[in-house]
$ cat input_9.csv   # CSV, C-alpha atoms
chain,number,residue,atom,x,y,z
I,1,MET,CA,193.0,-159.2,-32.7
I,2,LYS,CA,194.9,-160.0,-35.9
I,3,PRO,CA,196.1,-163.6,-36.1
I,4,GLU,CA,199.6,-164.4,-37.3
I,5,GLY,CA,200.6,-167.7,-38.8
I,6,PRO,CA,202.5,-169.5,-41.5
I,7,PRO,CA,202.8,-167.6,-44.8
I,8,LYS,CA,199.9,-168.3,-47.1
I,9,VAL,CA,200.7,-170.5,-50.1
I,10,VAL,CA,200.0,-168.6,-53.3
I,11,LEU,CA,199.5,-170.7,-56.4
I,12,ARG,CA,200.7,-168.9,-59.5
I,13,ARG,CA,201.4,-170.0,-63.0
I,14,ALA,CA,204.3,-168.3,-64.6
I,15,ARG,CA,203.0,-166.2,-67.5
I,16,PHE,CA,206.4,-165.3,-68.8
I,17,LEU,CA,209.4,-167.3,-69.6
I,18,PRO,CA,212.8,-166.5,-68.2
I,19,ARG,CA,214.7,-163.9,-70.2
I,20,TRP,CA,217.2,-166.4,-71.6
I,21,SER,CA,214.4,-168.8,-72.7
I,22,ARG,CA,212.5,-166.0,-74.4
I,23,ARG,CA,215.6,-165.0,-76.3
I,24,LEU,CA,216.2,-168.5,-77.5
I,25,THR,CA,212.6,-168.9,-78.6
I,26,ILE,CA,212.6,-165.7,-80.5
I,27,GLY,CA,215.9,-166.7,-82.1
I,28,GLY,CA,214.3,-170.0,-83.2
I,29,TYR,CA,211.4,-168.1,-84.9
I,30,LEU,CA,213.9,-165.7,-86.6
I,31,LEU,CA,215.8,-168.7,-88.0
I,32,ALA,CA,212.6,-170.2,-89.3
I,33,VAL,CA,211.7,-166.9,-91.0
I,34,ALA,CA,215.2,-166.8,-92.5
I,35,ALA,CA,214.8,-170.4,-93.8
I,36,VAL,CA,211.6,-169.4,-95.6
I,37,ALA,CA,213.2,-166.3,-97.1
I,38,ALA,CA,216.3,-168.3,-98.2
I,39,ASP,CA,214.0,-170.9,-99.8
I,40,PHE,CA,212.3,-168.4,-102.0
I,41,ALA,CA,215.6,-166.6,-102.7
I,42,THR,CA,217.5,-169.6,-103.9
I,43,GLY,CA,215.1,-170.6,-106.6
I,44,PRO,CA,213.0,-173.8,-107.3
I,45,GLY,CA,215.9,-176.2,-107.1
I,46,ILE,CA,216.7,-175.9,-103.3
I,47,THR,CA,214.3,-176.2,-100.3
I,48,PHE,CA,214.6,-175.4,-96.6
I,49,ALA,CA,211.1,-176.8,-95.8
I,50,PRO,CA,212.3,-179.4,-93.2
I,51,VAL,CA,213.4,-176.5,-91.0
I,52,LEU,CA,209.8,-175.5,-90.5
I,53,ALA,CA,209.4,-178.6,-88.2
I,54,VAL,CA,210.8,-176.4,-85.4
I,55,LEU,CA,207.8,-174.1,-85.4
I,56,PRO,CA,205.4,-176.3,-83.4
I,57,VAL,CA,208.2,-177.1,-81.0
I,58,LEU,CA,208.8,-173.4,-80.4
I,59,ALA,CA,205.1,-172.8,-80.0
I,60,SER,CA,204.8,-175.4,-77.2
I,61,VAL,CA,207.5,-173.7,-75.1
I,62,GLY,CA,205.9,-172.1,-72.0
I,63,THR,CA,202.3,-172.6,-73.0
I,64,ARG,CA,199.6,-174.9,-71.4
I,65,ARG,CA,197.2,-174.5,-74.4
I,66,ILE,CA,197.2,-177.4,-76.9
I,67,ALA,CA,195.8,-174.9,-79.5
I,68,ASP,CA,199.1,-173.0,-79.7
I,69,PRO,CA,201.4,-175.7,-81.2
I,70,LEU,CA,198.4,-177.1,-83.2
I,71,VAL,CA,197.7,-173.8,-84.9
I,72,VAL,CA,201.4,-173.0,-85.5
I,73,GLY,CA,201.9,-176.6,-86.9
I,74,LEU,CA,199.0,-176.1,-89.3
I,75,ILE,CA,200.5,-172.9,-90.5
I,76,ALA,CA,203.9,-174.6,-91.0
I,77,VAL,CA,202.2,-177.4,-93.0
I,78,LEU,CA,200.6,-174.8,-95.3
I,79,LEU,CA,204.0,-173.1,-95.7
I,80,VAL,CA,205.5,-176.5,-96.8
I,81,VAL,CA,202.7,-177.0,-99.3
I,82,GLY,CA,203.3,-173.5,-100.7
I,83,MET,CA,207.1,-174.2,-100.9
I,84,ALA,CA,206.3,-177.5,-102.8
I,85,PHE,CA,204.5,-175.5,-105.5
I,86,TYR,CA,207.4,-173.0,-105.7
I,87,ASP,CA,210.3,-175.5,-105.5
I,88,ALA,CA,209.2,-177.4,-108.6
I,89,ASP,CA,212.6,-179.0,-109.2
I,90,VAL,CA,212.8,-180.5,-105.7
I,91,PRO,CA,211.5,-184.2,-105.7
I,92,MET,CA,208.0,-184.4,-104.3
I,93,VAL,CA,209.0,-187.1,-101.9
I,94,VAL,CA,211.3,-184.6,-100.1
I,95,MET,CA,208.4,-182.1,-99.7
I,96,ALA,CA,206.0,-184.8,-98.6
I,97,THR,CA,208.5,-186.0,-96.0
I,98,ALA,CA,208.9,-182.4,-94.8
I,99,ALA,CA,205.2,-182.0,-94.4
I,100,ALA,CA,204.9,-185.3,-92.6
I,101,THR,CA,207.7,-184.3,-90.3
I,102,VAL,CA,206.0,-181.0,-89.4
I,103,ALA,CA,202.7,-182.9,-88.7
I,104,VAL,CA,204.4,-185.5,-86.5
I,105,VAL,CA,206.3,-182.8,-84.5
I,106,THR,CA,203.0,-180.9,-84.1
I,107,PHE,CA,201.3,-183.9,-82.6
I,108,PHE,CA,204.2,-184.4,-80.3
I,109,GLY,CA,204.2,-180.8,-79.2
I,110,CYS,CA,200.5,-181.0,-78.4
I,111,ALA,CA,200.9,-184.2,-76.4
I,112,ASN,CA,203.8,-182.7,-74.5
I,113,VAL,CA,201.7,-179.6,-73.6
I,114,ALA,CA,198.9,-181.8,-72.5
I,115,ALA,CA,201.2,-183.8,-70.3
I,116,LEU,CA,202.7,-180.7,-68.7
I,117,ALA,CA,199.3,-179.2,-68.1
I,118,ALA,CA,198.2,-182.4,-66.3
I,119,GLN,CA,201.4,-182.4,-64.2
I,120,GLU,CA,200.8,-178.8,-63.3
I,121,ARG,CA,197.2,-179.6,-62.1
I,122,GLU,CA,198.6,-182.4,-60.0
I,123,LEU,CA,201.3,-180.2,-58.5
I,124,THR,CA,198.6,-177.6,-57.7
I,125,SER,CA,196.6,-180.2,-55.9
I,126,VAL,CA,199.7,-181.3,-54.0
I,127,ARG,CA,200.4,-177.8,-53.0
I,128,THR,CA,196.9,-177.3,-51.8
I,129,ILE,CA,197.1,-180.4,-49.6
I,130,ALA,CA,200.5,-179.3,-48.3
I,131,GLU,CA,199.0,-175.9,-47.4
I,132,ALA,CA,196.2,-177.6,-45.5
I,133,ALA,CA,198.7,-179.9,-43.7
I,134,GLN,CA,200.8,-176.9,-42.7
I,135,ARG,CA,197.8,-175.0,-41.4
I,136,ALA,CA,197.0,-178.1,-39.2
I,137,LEU,CA,200.6,-178.5,-38.1
I,138,LEU,CA,201.5,-174.8,-37.6
I,139,ARG,CA,198.3,-173.2,-36.5
I,140,LEU,CA,197.5,-169.5,-36.5
I,141,VAL,CA,199.0,-167.6,-33.6
I,142,PRO,CA,197.1,-164.6,-32.0
I,143,ARG,CA,199.0,-161.4,-32.3
I,144,ARG,CA,198.3,-160.5,-28.7
I,145,MET,CA,198.3,-162.7,-25.6
I,146,GLY,CA,197.9,-160.7,-22.4
I,147,PRO,CA,200.8,-158.3,-22.1
I,148,LEU,CA,202.7,-160.0,-25.0
I,149,VAL,CA,202.8,-159.1,-28.7
I,150,VAL,CA,203.7,-162.2,-30.8
I,151,ALA,CA,204.8,-162.6,-34.4
I,152,VAL,CA,205.9,-165.7,-36.3
I,153,ARG,CA,207.3,-166.5,-39.7
I,154,TYR,CA,208.0,-169.8,-41.5
I,155,VAL,CA,210.2,-169.8,-44.6
I,156,ALA,CA,210.8,-172.9,-46.7
I,157,ALA,CA,214.2,-173.3,-48.3
I,158,GLU,CA,212.7,-174.8,-51.4
I,159,ALA,CA,210.3,-172.7,-53.4
I,160,GLU,CA,207.9,-175.6,-53.8
I,161,ALA,CA,208.1,-176.8,-50.2
I,162,ARG,CA,205.4,-175.8,-47.7
I,163,ILE,CA,206.1,-177.9,-44.6
I,164,GLY,CA,209.2,-179.3,-43.1
I,165,GLY,CA,210.8,-180.2,-39.8
I,166,ASP,CA,210.9,-176.7,-38.2
I,167,LEU,CA,208.1,-176.0,-35.8
I,168,TYR,CA,206.6,-173.4,-33.4
I,169,GLU,CA,203.7,-173.0,-31.0
I,170,VAL,CA,202.3,-170.4,-28.7
I,171,LEU,CA,199.8,-171.4,-26.1
I,172,ARG,CA,197.9,-169.8,-23.2
I,173,THR,CA,198.0,-172.2,-20.3
I,174,PRO,CA,197.0,-172.2,-16.6
I,175,TYR,CA,200.7,-171.3,-16.0
I,176,GLY,CA,200.8,-168.4,-18.4
I,177,VAL,CA,201.8,-168.1,-22.0
I,178,ARG,CA,204.2,-170.8,-23.2
I,179,LEU,CA,206.2,-170.9,-26.4
I,180,LEU,CA,208.0,-173.6,-28.3
I,181,VAL,CA,210.4,-173.4,-31.3
I,182,GLY,CA,212.1,-176.5,-32.5
I,183,ASP,CA,213.9,-178.1,-35.4
I,184,VAL,CA,213.8,-181.8,-36.4
I,185,CYS,CA,217.1,-183.3,-37.5
I,186,GLY,CA,215.8,-185.0,-40.6
I,187,LYS,CA,214.1,-184.4,-43.9
I,188,GLY,CA,210.9,-185.5,-45.7
I,189,LEU,CA,207.8,-187.0,-44.3
I,190,GLY,CA,209.6,-188.5,-41.4
I,191,ALA,CA,210.6,-185.0,-40.2
I,192,VAL,CA,207.0,-183.8,-40.7
I,193,GLU,CA,205.6,-186.7,-38.6
I,194,THR,CA,208.2,-186.0,-35.9
I,195,ALA,CA,207.2,-182.3,-35.8
I,196,ALA,CA,203.6,-183.3,-35.5
I,197,ASP,CA,204.3,-185.6,-32.6
I,198,VAL,CA,206.3,-182.8,-30.8
I,199,LEU,CA,203.5,-180.3,-31.3
I,200,GLY,CA,200.8,-182.7,-30.1
I,201,VAL,CA,202.7,-183.6,-26.9
I,202,PHE,CA,203.6,-180.0,-26.2
I,203,ARG,CA,200.0,-178.8,-26.6
I,204,GLU,CA,198.9,-181.4,-24.0
I,205,ALA,CA,201.9,-181.2,-21.6
I,206,ALA,CA,202.2,-177.4,-21.6
I,207,ARG,CA,198.7,-177.2,-20.1
I,208,ALA,CA,199.2,-180.0,-17.6
I,209,GLU,CA,202.7,-179.6,-16.2
I,210,PRO,CA,203.5,-176.6,-13.9
I,211,ASP,CA,207.2,-177.1,-14.4
I,212,LEU,CA,208.5,-176.2,-17.9
I,213,ALA,CA,211.5,-178.5,-17.6
I,214,ALA,CA,209.0,-181.4,-16.9
I,215,VAL,CA,207.3,-180.4,-20.2
I,216,ALA,CA,210.7,-180.9,-22.0
I,217,ARG,CA,211.1,-184.3,-20.3
I,218,ARG,CA,207.7,-185.4,-21.5
I,219,LEU,CA,208.6,-184.4,-25.0
I,220,ASP,CA,211.9,-186.3,-24.8
I,221,MET,CA,210.2,-189.5,-23.5
I,222,ALA,CA,207.5,-189.3,-26.2
I,223,LEU,CA,210.1,-189.1,-29.0
I,224,ALA,CA,212.3,-191.7,-27.4
I,225,ARG,CA,209.3,-194.2,-27.5
I,226,ARG,CA,208.8,-193.8,-31.2
I,227,PRO,CA,209.6,-197.2,-32.9
I,228,GLU,CA,212.4,-197.2,-35.5
I,229,SER,CA,212.8,-193.5,-35.5
I,230,GLU,CA,216.2,-191.8,-35.7
I,231,GLU,CA,215.1,-188.2,-35.7
I,232,PHE,CA,215.9,-186.0,-32.8
I,233,VAL,CA,214.7,-182.5,-32.2
I,234,THR,CA,216.5,-179.4,-30.9
I,235,ALA,CA,214.0,-177.1,-29.1
I,236,VAL,CA,213.7,-174.2,-26.8
I,237,LEU,CA,210.7,-173.7,-24.5
I,238,VAL,CA,209.8,-170.4,-22.9
I,239,GLY,CA,207.1,-169.7,-20.2
I,240,PHE,CA,205.7,-166.3,-19.3
I,241,PRO,CA,203.8,-166.5,-16.0
I,242,GLU,CA,200.6,-164.5,-15.7
I,243,ALA,CA,201.9,-162.8,-12.5
I,244,PRO,CA,204.7,-160.2,-12.9
I,245,GLU,CA,207.4,-162.9,-12.5
I,246,PRO,CA,210.5,-163.6,-14.5
I,247,ALA,CA,210.2,-165.7,-17.7
I,248,VAL,CA,211.4,-169.3,-17.7
I,249,VAL,CA,213.6,-170.7,-20.5
I,250,VAL,CA,214.4,-174.4,-21.1
I,251,ASN,CA,216.9,-175.1,-23.9
I,252,CYS,CA,217.1,-178.6,-25.4
I,253,GLY,CA,220.2,-178.4,-27.6
I,254,HIS,CA,218.8,-175.5,-29.6
I,255,PRO,CA,220.5,-172.2,-30.7
I,256,PRO,CA,220.1,-169.8,-27.8
I,257,PRO,CA,217.3,-167.1,-28.1
I,258,LEU,CA,218.2,-163.5,-28.4
I,259,LEU,CA,217.0,-160.9,-25.8
I,260,TYR,CA,216.6,-157.2,-26.6
I,261,HIS,CA,217.0,-155.4,-23.3
I,262,ALA,CA,218.0,-151.9,-22.5
I,263,GLY,CA,219.3,-151.3,-26.0
I,264,ALA,CA,221.5,-154.4,-26.1
I,265,VAL,CA,221.1,-157.8,-27.7
I,266,ASP,CA,222.3,-160.8,-25.7
I,267,GLU,CA,222.1,-164.5,-26.0
I,268,VAL,CA,220.0,-166.4,-23.5
I,269,SER,CA,222.4,-169.2,-22.8
I,270,PRO,CA,221.2,-172.3,-20.8
I,271,PRO,CA,222.5,-172.9,-17.3
I,272,GLU,CA,223.8,-176.3,-18.4
I,273,GLU,CA,224.2,-177.9,-21.8
I,274,ALA,CA,221.4,-180.3,-22.5
I,275,PRO,CA,220.8,-182.8,-25.4
I,276,PRO,CA,218.1,-182.5,-28.0
I,277,LEU,CA,214.8,-184.1,-27.4
I,278,ALA,CA,214.9,-188.0,-27.8
I,279,LEU,CA,218.5,-188.2,-26.8
I,280,LEU,CA,218.3,-187.6,-23.0
I,281,GLY,CA,218.2,-191.3,-22.2
I,282,LEU,CA,221.3,-191.9,-24.4
I,283,VAL,CA,223.6,-189.2,-23.1
I,284,GLY,CA,222.2,-188.8,-19.6
I,285,GLY,CA,221.7,-185.5,-17.7
I,286,ASP,CA,218.5,-183.6,-17.4
I,287,TYR,CA,216.7,-180.5,-18.7
I,288,HIS,CA,217.1,-177.4,-16.5
I,289,SER,CA,215.2,-174.1,-16.6
I,290,ARG,CA,216.6,-170.6,-16.1
I,291,THR,CA,214.8,-167.5,-15.2
I,292,LEU,CA,214.9,-164.5,-17.4
I,293,ASP,CA,214.0,-160.9,-16.5
I,294,PHE,CA,211.6,-159.8,-19.2
I,295,ASP,CA,210.6,-156.2,-18.6
I,296,CYS,CA,208.2,-153.9,-20.4
I,297,GLY,CA,209.7,-153.1,-23.8
I,298,ASP,CA,211.9,-156.2,-23.9
I,299,LEU,CA,211.8,-158.5,-26.9
I,300,LEU,CA,212.8,-162.2,-27.2
I,301,LEU,CA,213.7,-163.7,-30.5
I,302,LEU,CA,213.5,-167.5,-31.1
I,303,TYR,CA,214.7,-169.0,-34.3
I,304,THR,CA,216.0,-172.2,-36.0
I,305,ASP,CA,219.4,-172.7,-37.6
I,306,GLY,CA,218.0,-172.1,-41.1
I,307,VAL,CA,218.7,-168.4,-40.3
I,308,THR,CA,222.1,-168.7,-38.7
I,309,GLU,CA,223.4,-171.2,-41.3
I,310,ALA,CA,222.5,-168.9,-44.3
I,311,ARG,CA,225.8,-168.2,-46.1
I,312,ASP,CA,227.0,-165.5,-48.3
I,313,ALA,CA,229.2,-165.8,-51.4
I,314,ALA,CA,232.3,-166.1,-49.2
I,315,ASN,CA,230.7,-169.0,-47.3
I,316,ARG,CA,230.3,-166.9,-44.1
I,317,PHE,CA,227.4,-167.7,-41.8
I,318,TYR,CA,224.8,-165.0,-41.1
I,319,PRO,CA,225.8,-163.1,-38.0
I,320,LEU,CA,222.4,-163.0,-36.4
I,321,ALA,CA,223.2,-161.3,-33.1
I,322,GLN,CA,225.3,-158.7,-34.7
I,323,ARG,CA,222.8,-157.9,-37.4
I,324,CYS,CA,219.8,-157.9,-35.1
I,325,ALA,CA,221.4,-155.2,-32.9
I,326,SER,CA,221.0,-152.8,-35.8
I,327,LEU,CA,217.3,-153.7,-36.6
I,328,PRO,CA,214.4,-151.9,-34.9
I,329,HIS,CA,212.7,-154.1,-32.4
I,330,ARG,CA,209.6,-152.1,-31.2
I,331,ASP,CA,207.3,-154.1,-33.4
I,332,PRO,CA,207.9,-157.9,-33.6
I,333,ASP,CA,206.3,-158.1,-37.1
I,334,ALA,CA,208.5,-155.4,-38.5
I,335,LEU,CA,211.6,-157.0,-36.9
I,336,LEU,CA,210.9,-160.4,-38.5
I,337,ASP,CA,210.1,-158.9,-41.9
I,338,GLN,CA,213.3,-156.8,-41.9
I,339,LEU,CA,215.3,-159.7,-40.6
I,340,LEU,CA,214.2,-162.0,-43.4
I,341,VAL,CA,215.0,-159.3,-46.0
I,342,ASP,CA,218.5,-159.0,-44.4
I,343,VAL,CA,219.0,-162.8,-44.4
I,344,ARG,CA,218.0,-163.1,-48.0
I,345,ALA,CA,220.3,-160.3,-49.0
I,346,HIS,CA,223.2,-162.1,-47.1
I,347,ALA,CA,222.5,-165.5,-48.7
I,348,ASP,CA,223.1,-165.0,-52.4
I,349,ALA,CA,222.3,-168.6,-53.2
I,350,GLY,CA,219.2,-168.6,-51.0
I,351,LEU,CA,218.4,-170.5,-47.8
I,352,THR,CA,219.8,-174.0,-47.5
I,353,ASP,CA,217.4,-175.0,-44.7
I,354,ASP,CA,213.9,-174.1,-43.6
I,355,ALA,CA,213.6,-171.3,-41.0
I,356,ALA,CA,211.1,-170.6,-38.2
I,357,LEU,CA,211.2,-167.3,-36.4
I,358,LEU,CA,209.2,-166.3,-33.4
I,359,ALA,CA,209.4,-162.9,-31.7
I,360,VAL,CA,207.6,-161.8,-28.5
I,361,ARG,CA,207.6,-158.4,-26.9
I,362,ARG,CA,206.2,-157.3,-23.5
I,363,GLU,CA,204.1,-154.2,-23.7
I,364,ARG,CA,203.1,-153.8,-20.1

$ encode --input "input_9.csv" --output "structure tokens"
Amino acid sequence: MKPEGPPKVVLRRARFLPRWSRRLTIGGYLLAVAAVAADFATGPGITFAPVLAVLPVLASVGTRRIADPLVVGLIAVLLVVGMAFYDADVPMVVMATAAATVAVVTFFGCANVAALAAQERELTSVRTIAEAAQRALLRLVPRRMGPLVVAVRYVAAEAEARIGGDLYEVLRTPYGVRLLVGDVCGKGLGAVETAADVLGVFREAARAEPDLAAVARRLDMALARRPESEEFVTAVLVGFPEAPEPAVVVNCGHPPPLLYHAGAVDEVSPPEEAPPLALLGLVGGDYHSRTLDFDCGDLLLLYTDGVTEARDAANRFYPLAQRCASLPHRDPDALLDQLLVDVRAHADAGLTDDAALLAVRRER
């Protein structure tokens, strides 16, 4: 049984500079070479030695080795010394000043490289901790649970981000398999703490409450009791009983799931509008469940608004239901992979919010 879970964090150091940066760096080296050539071409009365101070700066671009600017700086100092012998008519104080400038810039370049290397090591450590936190928060999900095939994906909007306020869970309980997908209205550590609270309460309540709507109410009460917290959570809960009975869906102010059934894609709208978790006591009402026929071959897609709010160059939202209708849905993993490729192609500027996706298909 192959587990599925949050995407693994891969820590890489960029070995190559962006193309525009490489071009500028090469241009700087060419100008330094031109300055040396011009110095020897113009005779002993004119010097371009101060230009060589740029060489250790160029050598420190994109490297994390102190030796690179140090070696290049030493070569630049030796070139200045050679120019001093050739440019006999230039005052010695000018050449000495040029050599000192190169030395000072070399030491600055080495210090800058050392500082960047230390920051990169610290960032790597933070990323490792963030990966561990994500693994604890969004645990691995078995690919198969009884008659169900499950796939999940979590995509961070920021390249360096690993955890956020989007959440999901899949549990086997005495009442069948139960799913949760949610989105915390908030950012930063506060959103992560709220997501952790929701998952903790869900993991306990889903195994204790026979009524899925009661699980939603317990989640709401737990969040409402949090002191000085302004975060609320949109969520959708789905239960699949062990017996061949209809699935149960409870929507708490979340975008409606999509159901693939008989070749069509339809939204699973709630029977009544309900507020997000933590707001039930403020706006009143209650959480209501609806049944859903979920036959063999059907697929249910749960998602957060990081997908539907992805915009193209014309500022148009991603038409999820329309685009999903054209994607194959026999394999949940393949569906989510192709869906993410399609979303990224639609959003030229990239995702503006984190996205969690969960697809479940009944095989028998």

$ closest_residue --input "input_9.csv" --among "I:Glu231, I:Glu209, I:Glu363, I:Glu169" --to "Val192 of chain I" --atoms "only C-alpha atoms"
I:Glu231

$ atom_distance --input "input_9.csv" --atom1 "atom CA of Val341 of chain I" --atom2 "atom CA of Val268 of chain I"
24.1 Å

$ residues_near_point --input "input_9.csv" --point "(212.1, -175.0, -100.4)" --cutoff "8 Å" --atoms "all atoms listed in the file" --output "JSON, numbers by chain"
{"I": [36, 39, 40, 44, 45, 46, 47, 48, 49, 80, 83, 84, 86, 87, 90]}

$ atom_distance --input "input_9.csv" --atom1 "atom CA of Gly306 of chain I" --atom2 "atom CA of Gly281 of chain I"
26.9 Å

$ residues_around --input "input_9.csv" --residues "Ser289 of chain I" --least-positions-apart "3" --cutoff "8 Å" --atoms "only C-alpha atoms" --output "MDAnalysis selection string"
chainID I and resid 212:213 248:251 270:271

$ write_last_selection --input "input_9.csv" --atoms "C-alpha atoms" --output "PDB file, in the coordinates of the input"
ATOM      1  CA  LEU I 212     208.500-176.200 -17.900  1.00  0.00           C
ATOM      2  CA  ALA I 213     211.500-178.500 -17.600  1.00  0.00           C
ATOM      3  CA  VAL I 248     211.400-169.300 -17.700  1.00  0.00           C
ATOM      4  CA  VAL I 249     213.600-170.700 -20.500  1.00  0.00           C
ATOM      5  CA  VAL I 250     214.400-174.400 -21.100  1.00  0.00           C
ATOM      6  CA  ASN I 251     216.900-175.100 -23.900  1.00  0.00           C
ATOM      7  CA  PRO I 270     221.200-172.300 -20.800  1.00  0.00           C
ATOM      8  CA  PRO I 271     222.500-172.900 -17.300  1.00  0.00           C
TER       9      PRO I 271
END

$ residues_near_point --input "input_9.csv" --point "(204.2, -179.1, -80.2)" --cutoff "8 Å" --atoms "all atoms listed in the file" --output "PyMOL selection string"
chain I and resi 56-60+66+68-70+73+105-113

$ atom_distance --input "input_9.csv" --atom1 "atom CA of Phe202 of chain I" --atom2 "atom CA of Ala247 of chain I"
17.9 Å

$ closest_residue --input "input_9.csv" --among "I:Thr173, I:Ser269, I:Thr291, I:Thr304" --to "Glu242 of chain I" --atoms "all atoms listed in the file"
I:Thr173

$ residues_around --input "input_9.csv" --residues "Asp166 of chain I" --least-positions-apart "3" --cutoff "10 Å" --atoms "only C-alpha atoms" --output "list in words"
Leu138, Tyr154, Val155, Ala156, Ile163, Val181, Gly182, Asp183, Val184, Cys185, Gly186, Ala191, Val192, Thr194, Ala195, Val233, Thr234, Ala235, Tyr303, Thr304, Asp305, Gly306, Asp353, Asp354, Ala355, Ala356 and Leu357 of chain I

$ residues_around --input "input_9.csv" --residues "Pro50 of chain I" --least-positions-apart "4" --cutoff "8 Å" --atoms "all atoms listed in the file" --output "JSON list (two decimals) with C-alpha atoms, in the frame of the given file"
[["chain", "number", "residue", "atom", "x", "y", "z"],
["I", 98, "ALA", "CA", 208.90, -182.40, -94.80],
["I", 99, "ALA", "CA", 205.20, -182.00, -94.40],
["I", 101, "THR", "CA", 207.70, -184.30, -90.30],
["I", 102, "VAL", "CA", 206.00, -181.00, -89.40]]

$ closest_residue --input "input_9.csv" --among "I:Pro227, I:Pro257, I:Pro246, I:Gly176" --to "Asp293 of chain I" --atoms "all atoms listed in the file"
I:Pro246

$ closest_atom_pairs --input "input_9.csv" --of "segment 132-231 of chain I" --to "segment 324-335 of chain I" --cutoff "9 Å" --atoms "only C-alpha atoms" --output "tab-separated table"
residue	atom	partner	partner_atom	distance
I:Val149	CA	I:Pro332	CA	7.2
I:Val150	CA	I:Pro332	CA	6.6
I:Ala151	CA	I:Asp333	CA	5.5
I:Val152	CA	I:Asp333	CA	7.7
I:Arg153	CA	I:Asp333	CA	8.8
